[in-house]
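K.L.:
Structure in structure tokens, see below.
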Amino acid sequence: MNSLILPLLVPFLTALVLALLNGRYVLERIVAVASSLALTIWLVWLLLYVDTHGIQAVVIGGWMAPWGIAFVADRLACIMLVSSATLGTIVQVYTCWTVTETQQKYFFYPLMQITLLGVNWAFITGDLFNLFVAYEVMLLGSYGMMMVGASRPQVRQTLKYVAINSIGSTLFVVACGLIYATVGTLNMADLAVRTAALTGERSGMVTAASMLLLVVFGLKAATFPLTYWLPDCYPVVPAGVIGYIAGLLTKVGVYSLLRTFVMLFRQDSNAFASDALLFLSGFTMLLGVLGAMCQWETRRLLSWHIISQVGYMVMGIGLAGSPDPRVAQLAVAGTILHVVHNIIVKSCLFLVGGAGERITGSQKLKHMGGVLELSPGLAGLFLVAGLSLAGMPPFSGFLSKFVLTFAALAGGNYVVVTAAILTGFLTLYSMTKIWLYTYWRERCREHPLASFRPLLAPVATLVVLSVLMGVCAQPVLGLATRAADTLTNPAEYVRVVLGPAKATPKVAGGQPPVAVAEARETVR
Amino acid sequence: MELPMAAAIAVLYATGTYMILRPNLIRLAMGFGLYSNATNLLLITIGGYTRASGAPFVGTDPQSAVGLMDPLPPDIILTAIVISFAVGALTLIICYRVYLDHGTDNPERLPTEDEHDTGDELPSLAVGSALAPVMGPGNHPPTHGVPSAAPTPRRSAERRRDR
């Protein structure tokens with residue numbers, strides 16, 4: 001299925017066209033939004049097609065699969081692609097009103113498309129080193145988006161972001177090298193077959209490399225010990241842009257964790273990875289929510305909440321290592337639901353926050369107030385999004401948290417469940433705090449009252465998506481469960497990518513290609 | 001070949017770590033350069049390169065592949081070099097821009113809180129002004145390398161102290 005390169009090709013070509021259109025502000029916005037919208041519609045079709053016809057794959061250049069770079073669209077990748085493209089479109093509509101012409105002149109929309117390209121690439125690739133390249137494309141785009149306009153705090157915080165991600169990239173390449181040296185392949189399907197059959201010393205070596213990847217992806221996803229860059233960097237990003245960056249970039253890290261720790265590293269000695277993930281997830285949840293409680297600025301407060309929500313997803317990935325396959329499947333399905341829910345709701349909160357900042361001219365809770373009387377619509381949207389984040393029924397947050405908690409209880413992980421439920425309550429506290437200060441109380445000072453009404457439409461779309469996801473729980477959960485099946489039992493994935501011969505476990509752990517085997521000998 | 005390579009990699013990583021931990025932005029950028037070189041050396045070692053290994057693509061017979069170098073690690077290295085080149089250039093530019101903005105290349109002397117965090121003292125732009133929504137928090141106009149008034153008097157003294 002050659003059209004699988006479209007999620008890369010469309011943003012790439014759009015970025016080139018937009019760079020040429022620099023200076024024609026209105027035309028640039030129309031082209032950017034139209035291209036993203038078209039891609040979103042095509043991706044929705046692809047999701048439905050993959051769901052009915054099974055996994056689709058294409059090997060670039062026609063090389064055979066373990067050597068050529070495969071692009072694979074399984075259900076999980078399609079779900080993520082649809083979420084990313086939908087969010088990209090909505091955020092670009094939103095930025096039509098918030099990004100200034102000065103910022104747009106600094107190639108804002110081309111950078112946005114490059115980031116979209118990197119994110120799509122990370123979701124659709126079936127090769128570990130290719131994933132690294134996708135990460136770098138995504139990061140370079142996001143560095144540019146963070147700095148657009150180049151104010152002093154922006155440049156200063158971007159330096160921090162670049163520095164921490166450079167270290168992550170180094171570790172990623174090292175991990176790729178170690179995995180290639182041990183297993184002899186970087187193709188994900190091939191890896192899934194071979195790591196499951198690994199034993200002894202090599203298995204330990206792959207576990208070590210997988211821990212390096214845990215650091216890399218944990219850094220991107222901002223899990224517990226590697227969180228502190230996030231609440232500093234995100235608040236300086238221009239309003240609107242932050243909706244995209246905050247909603248999606250950490251989720252790419254979570255997606256990679258899902259892909260690697262559930263599908264790739266299946267050797268026996270890797271059981272302790274799931275314990276490590278569970279341990280980290282508890283701390284991530286509590287640290288994030290406690291950090292949020294003592295913040296008095298909307299963006300900073302919401303940035304800390306990103307961390308606590310990532311904790312839930314990591315908890316699901318940790319639970320996927322459970323010996324009971326039903327628990328594992330449920331946990332992975334819950335993680336997928338929570339990722340999608342969070343992409344929608346978290347960006348929605350940031351976008352609502354951006355509109356609130358325009359009304360009140362401040363992002364400090366103590367300076368805001370009276371938004372409820374000025375714009376009841378905006379207040380209503382915040383209320384729904386906030387309750388959804390805290391996990392109130394009937395919104396999307398309830399569904400994903402319920403599935404995750406259920407899986408954790410079925411697996412007997414009571415400590416993590418306690419942390420998760422506590423985090424839910426404290427999230428509700430934080431949302432109440434924003435509600436009380438920004439919306440409910442009376443105006444405490446003059447507000448500039450900038451125009452904000454056009455911003456309500458994109459925000460409302462996100463809220464509707466969140467409500468739909470919560471109300472239509474059954475089909476959504478079914479899709480997530482089918483996606484989880486592919487991850488926990490990658491036989492179909494392997495068959496589509498490598499051909500029917502390789503899928504049987506008999507061939508598993510077979511000889512690496514001749515040249516590679518020879519190289520192994522010379523290394524020894 | 002493996003032992004000297006391992007030693008070289010270890011020295012490069014150690015030096016890189018030392019450079020990154022120094023309170024100096026240029027050393028930070030150089031440290032990342034060392035990291036990327038060390039990683040590339042590691043990949044060459046993994047590829048099992050020896051003087052005897054031949055060029056990777058010869059013939060179609062699988063047996064003729066014996067004794068050839070594995071082509072994938074050099075491929076990865078090339079990609080990694082290109083990427084680290086781009087990121088390195090960007091890092092240097094950002095470091096220079098931070099130096100111009102704040103008059104120091106010592107990250108420990110950079111303001112830790114964002115400027116708009118101290119908005120209590122600077123309400124003139126934030127409240128009631130028509131510019132406020134456009135120039136809102138985080139959207140300050142670009143300074144284009146002109147250091148603001150505050151750090152300028154202290155600049156030369158700071159630089160002396162940094163040395």
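Labels used: A, B, ... for chains in the order of the structure tokens, numbers from 1 for residues in each chain, and numbers from 1 for ligands as shown.
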DSSP on the backbone, then: every residue of segment 34-249 of chain A marked strand (DSSP E), written as a ChimeraX atom specification.
P.N.:
/A:56-59,70-73
K.L.:
Considering only C-alpha atoms, return as a PyMOL selection string whatever protein or nucleic-acid residues lie within 6 Å of segment 177-192 of chain A, sequence-local ones (same chain, fewer than 5 positions apart) excluded.
P.N.:
(chain A and resi 66+126-128+264+494+512) or (chain B and resi 43+46)
K.L.:
Once you have the residues from the selection above, write them out as an mmCIF file, in the first residue's frame, restricted to all heavy atoms.
P.N.:
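For reference, part_20.cif as written:
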```cif
data_model
loop_
_atom_site.group_PDB
_atom_site.id
_atom_site.type_symbol
_atom_site.label_atom_id
_atom_site.label_comp_id
_atom_site.auth_asym_id
_atom_site.auth_seq_id
_atom_site.Cartn_x
_atom_site.Cartn_y
_atom_site.Cartn_z
ATOM 1 N N PRO A 66 13.352 -7.124 6.329
ATOM 2 C CA PRO A 66 14.211 -6.808 7.472
ATOM 3 C C PRO A 66 15.314 -5.807 7.102
ATOM 4 O O PRO A 66 15.907 -5.214 7.973
ATOM 5 C CB PRO A 66 14.816 -8.155 7.875
ATOM 6 C CG PRO A 66 14.225 -9.168 7.001
ATOM 7 C CD PRO A 66 13.469 -8.507 5.918
ATOM 8 N N GLY A 126 8.256 1.497 10.943
ATOM 9 C CA GLY A 126 8.383 0.159 11.512
ATOM 10 C C GLY A 126 9.823 -0.215 11.733
ATOM 11 O O GLY A 126 10.178 -1.385 11.643
ATOM 12 N N ASP A 127 10.667 0.774 11.998
ATOM 13 C CA ASP A 127 12.099 0.526 12.106
ATOM 14 C C ASP A 127 12.632 1.397 13.236
ATOM 15 O O ASP A 127 12.294 2.578 13.328
ATOM 16 C CB ASP A 127 12.766 0.902 10.784
ATOM 17 C CG ASP A 127 14.242 0.589 10.773
ATOM 18 O OD1 ASP A 127 15.013 1.336 11.376
ATOM 19 O OD2 ASP A 127 14.606 -0.426 10.154
ATOM 20 N N LEU A 128 13.443 0.803 14.101
ATOM 21 C CA LEU A 128 13.841 1.514 15.311
ATOM 22 C C LEU A 128 14.729 2.712 15.007
ATOM 23 O O LEU A 128 14.564 3.783 15.596
ATOM 24 C CB LEU A 128 14.555 0.549 16.256
ATOM 25 C CG LEU A 128 14.462 0.883 17.731
ATOM 26 C CD1 LEU A 128 13.040 1.030 18.166
ATOM 27 C CD2 LEU A 128 15.141 -0.199 18.538
ATOM 28 N N LEU A 264 8.079 -5.027 21.391
ATOM 29 C CA LEU A 264 9.424 -5.433 20.969
ATOM 30 C C LEU A 264 10.165 -6.267 22.004
ATOM 31 O O LEU A 264 10.672 -7.334 21.698
ATOM 32 C CB LEU A 264 10.263 -4.199 20.633
ATOM 33 C CG LEU A 264 9.776 -3.385 19.452
ATOM 34 C CD1 LEU A 264 10.835 -2.393 19.044
ATOM 35 C CD2 LEU A 264 9.433 -4.276 18.281
ATOM 36 N N VAL A 494 3.866 -9.127 12.286
ATOM 37 C CA VAL A 494 5.055 -9.771 11.742
ATOM 38 C C VAL A 494 4.750 -10.376 10.376
ATOM 39 O O VAL A 494 5.534 -10.253 9.427
ATOM 40 C CB VAL A 494 5.554 -10.851 12.727
ATOM 41 C CG1 VAL A 494 6.665 -11.662 12.104
ATOM 42 C CG2 VAL A 494 6.011 -10.213 14.014
ATOM 43 N N PRO A 512 21.027 -14.500 11.810
ATOM 44 C CA PRO A 512 21.035 -13.183 11.205
ATOM 45 C C PRO A 512 21.580 -13.278 9.779
ATOM 46 O O PRO A 512 22.189 -14.307 9.443
ATOM 47 C CB PRO A 512 21.970 -12.378 12.101
ATOM 48 C CG PRO A 512 22.551 -13.297 13.079
ATOM 49 C CD PRO A 512 21.913 -14.616 12.951
ATOM 50 N N LEU B 43 29.451 2.999 17.185
ATOM 51 C CA LEU B 43 28.766 2.295 16.100
ATOM 52 C C LEU B 43 29.766 1.633 15.162
ATOM 53 O O LEU B 43 29.536 0.524 14.673
ATOM 54 C CB LEU B 43 27.878 3.268 15.328
ATOM 55 C CG LEU B 43 26.638 3.722 16.088
ATOM 56 C CD1 LEU B 43 25.955 4.847 15.369
ATOM 57 C CD2 LEU B 43 25.688 2.566 16.274
ATOM 58 N N ILE B 46 30.828 -1.478 16.796
ATOM 59 C CA ILE B 46 29.765 -2.477 16.714
ATOM 60 C C ILE B 46 29.756 -3.119 15.335
ATOM 61 O O ILE B 46 29.553 -4.317 15.180
ATOM 62 C CB ILE B 46 28.415 -1.801 17.026
ATOM 63 C CG1 ILE B 46 28.276 -1.612 18.521
ATOM 64 C CG2 ILE B 46 27.269 -2.623 16.485
ATOM 65 C CD1 ILE B 46 27.129 -0.733 18.890
#
```
K.L.:
Could you tell me how far atom CA of Gln154 of chain A lies from atom CA of Cys233 of chain A, in Å and to one decimal?
P.N.:
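Rounded to one decimal, the two atoms are 7.9 Å apart.
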K.L.:
Could you work out how far atom CA of Leu43 of chain A lies from atom CA of Phe71 of chain A, giving the answer in Å with one decimal?
P.N.:
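Value for the atom CA of Phe71 of chain A-atom CA of Leu43 of chain A distance: 14.6 Å.
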K.L.:
So which residues touch segment 91-98 of chain B within 8 Å, counting only C-alpha atoms, skipping near sequence neighbours fewer than 5 positions away, as a PyMOL selection string?
P.N.:
(chain A and resi 152+155-156+158-159+162-163) or (chain B and resi 25-26+29+103-105+145)
K.L.:
Those same residues, written as an mmCIF file, in the first residue's frame with all heavy atoms?
P.N.:
```
data_model
loop_
_atom_site.group_PDB
_atom_site.id
_atom_site.type_symbol
_atom_site.label_atom_id
_atom_site.label_comp_id
_atom_site.auth_asym_id
_atom_site.auth_seq_id
_atom_site.Cartn_x
_atom_site.Cartn_y
_atom_site.Cartn_z
ATOM 1 N N ARG A 152 13.038 36.735 24.883
ATOM 2 C CA ARG A 152 14.135 36.274 25.736
ATOM 3 C C ARG A 152 13.807 35.003 26.510
ATOM 4 O O ARG A 152 14.608 34.067 26.514
ATOM 5 C CB ARG A 152 14.579 37.393 26.662
ATOM 6 C CG ARG A 152 15.323 38.455 25.889
ATOM 7 C CD ARG A 152 15.495 39.721 26.661
ATOM 8 N NE ARG A 152 15.953 39.452 28.010
ATOM 9 C CZ ARG A 152 16.631 40.312 28.730
ATOM 10 N NH1 ARG A 152 16.942 41.473 28.235
ATOM 11 N NH2 ARG A 152 16.987 40.022 29.949
ATOM 12 N N VAL A 155 13.882 31.904 24.050
ATOM 13 C CA VAL A 155 15.195 31.410 23.630
ATOM 14 C C VAL A 155 15.883 30.688 24.780
ATOM 15 O O VAL A 155 16.451 29.610 24.621
ATOM 16 C CB VAL A 155 16.063 32.576 23.115
ATOM 17 C CG1 VAL A 155 17.438 32.084 22.750
ATOM 18 C CG2 VAL A 155 15.411 33.222 21.924
ATOM 19 N N ARG A 156 15.752 31.308 25.972
ATOM 20 C CA ARG A 156 16.431 30.720 27.133
ATOM 21 C C ARG A 156 15.893 29.326 27.437
ATOM 22 O O ARG A 156 16.647 28.391 27.687
ATOM 23 C CB ARG A 156 16.202 31.641 28.324
ATOM 24 C CG ARG A 156 17.222 31.525 29.400
ATOM 25 C CD ARG A 156 17.045 32.647 30.378
ATOM 26 N NE ARG A 156 15.734 32.637 30.985
ATOM 27 C CZ ARG A 156 14.970 33.711 31.103
ATOM 28 N NH1 ARG A 156 15.377 34.872 30.653
ATOM 29 N NH2 ARG A 156 13.785 33.626 31.676
ATOM 30 N N THR A 158 14.238 27.353 25.361
ATOM 31 C CA THR A 158 14.478 26.423 24.265
ATOM 32 C C THR A 158 15.874 25.829 24.371
ATOM 33 O O THR A 158 16.077 24.668 24.039
ATOM 34 C CB THR A 158 14.302 27.127 22.909
ATOM 35 O OG1 THR A 158 13.063 27.795 22.919
ATOM 36 C CG2 THR A 158 14.323 26.137 21.785
ATOM 37 N N LEU A 159 16.826 26.636 24.847
ATOM 38 C CA LEU A 159 18.182 26.098 25.022
ATOM 39 C C LEU A 159 18.150 24.888 25.947
ATOM 40 O O LEU A 159 18.759 23.854 25.693
ATOM 41 C CB LEU A 159 19.096 27.184 25.585
ATOM 42 C CG LEU A 159 20.526 26.734 25.850
ATOM 43 C CD1 LEU A 159 21.204 26.353 24.556
ATOM 44 C CD2 LEU A 159 21.313 27.805 26.544
ATOM 45 N N VAL A 162 16.600 21.995 24.044
ATOM 46 C CA VAL A 162 17.533 21.435 23.065
ATOM 47 C C VAL A 162 18.577 20.600 23.790
ATOM 48 O O VAL A 162 18.903 19.485 23.368
ATOM 49 C CB VAL A 162 18.213 22.568 22.256
ATOM 50 C CG1 VAL A 162 19.318 22.008 21.393
ATOM 51 C CG2 VAL A 162 17.214 23.295 21.407
ATOM 52 N N ALA A 163 19.096 21.131 24.902
ATOM 53 C CA ALA A 163 20.174 20.435 25.596
ATOM 54 C C ALA A 163 19.704 19.076 26.093
ATOM 55 O O ALA A 163 20.359 18.053 25.856
ATOM 56 C CB ALA A 163 20.664 21.291 26.763
ATOM 57 N N LEU B 25 28.121 28.085 28.038
ATOM 58 C CA LEU B 25 27.257 27.616 26.962
ATOM 59 C C LEU B 25 28.040 27.041 25.785
ATOM 60 O O LEU B 25 27.617 26.079 25.160
ATOM 61 C CB LEU B 25 26.363 28.760 26.473
ATOM 62 C CG LEU B 25 25.333 29.238 27.478
ATOM 63 C CD1 LEU B 25 24.501 30.345 26.893
ATOM 64 C CD2 LEU B 25 24.442 28.098 27.903
ATOM 65 N N ILE B 26 29.197 27.623 25.473
ATOM 66 C CA ILE B 26 29.966 27.110 24.332
ATOM 67 C C ILE B 26 30.481 25.709 24.650
ATOM 68 O O ILE B 26 30.466 24.809 23.826
ATOM 69 C CB ILE B 26 31.135 28.059 24.013
ATOM 70 C CG1 ILE B 26 30.580 29.397 23.553
ATOM 71 C CG2 ILE B 26 32.023 27.479 22.938
ATOM 72 C CD1 ILE B 26 29.699 29.313 22.344
ATOM 73 N N ALA B 29 27.786 23.215 24.025
ATOM 74 C CA ALA B 29 27.642 22.832 22.620
ATOM 75 C C ALA B 29 28.762 21.885 22.202
ATOM 76 O O ALA B 29 28.536 20.897 21.495
ATOM 77 C CB ALA B 29 27.642 24.083 21.745
ATOM 78 N N GLY B 103 23.811 38.897 27.991
ATOM 79 C CA GLY B 103 25.143 39.403 28.263
ATOM 80 C C GLY B 103 26.009 38.465 29.060
ATOM 81 O O GLY B 103 26.981 38.887 29.665
ATOM 82 N N THR B 104 25.673 37.191 29.092
ATOM 83 C CA THR B 104 26.535 36.250 29.790
ATOM 84 C C THR B 104 26.441 34.908 29.096
ATOM 85 O O THR B 104 25.421 34.585 28.483
ATOM 86 C CB THR B 104 26.129 36.098 31.263
ATOM 87 O OG1 THR B 104 26.930 35.067 31.841
ATOM 88 C CG2 THR B 104 24.676 35.719 31.411
ATOM 89 N N ASP B 105 27.539 34.137 29.156
ATOM 90 C CA ASP B 105 27.459 32.785 28.609
ATOM 91 C C ASP B 105 27.485 31.767 29.736
ATOM 92 O O ASP B 105 27.785 30.604 29.535
ATOM 93 C CB ASP B 105 28.585 32.523 27.596
ATOM 94 C CG ASP B 105 29.942 32.627 28.234
ATOM 95 O OD1 ASP B 105 30.017 33.063 29.401
ATOM 96 O OD2 ASP B 105 30.935 32.280 27.571
ATOM 97 N N GLY B 145 18.987 40.959 19.173
ATOM 98 C CA GLY B 145 20.368 41.047 19.615
ATOM 99 C C GLY B 145 20.688 42.293 20.406
ATOM 100 O O GLY B 145 21.826 42.496 20.781
#
```
K.L.:
Skipping near chain neighbours, those fewer than 4 positions away, what residues fall within 8 Å of Trp304 of chain A using only C-alpha atoms, listed as an MDAnalysis selection string?
P.N.:
chainID A and resid 230:231 288:289 291:292 300 308
K.L.:
In terms of the shortest atom-to-atom distance over only C-alpha atoms, which of A:Ala271, A:Gly240, A:Leu226, A:Thr260 is closest to Thr284 of chain A?
P.N.:
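Closest to Thr284 of chain A of all the choices is A:Leu226.
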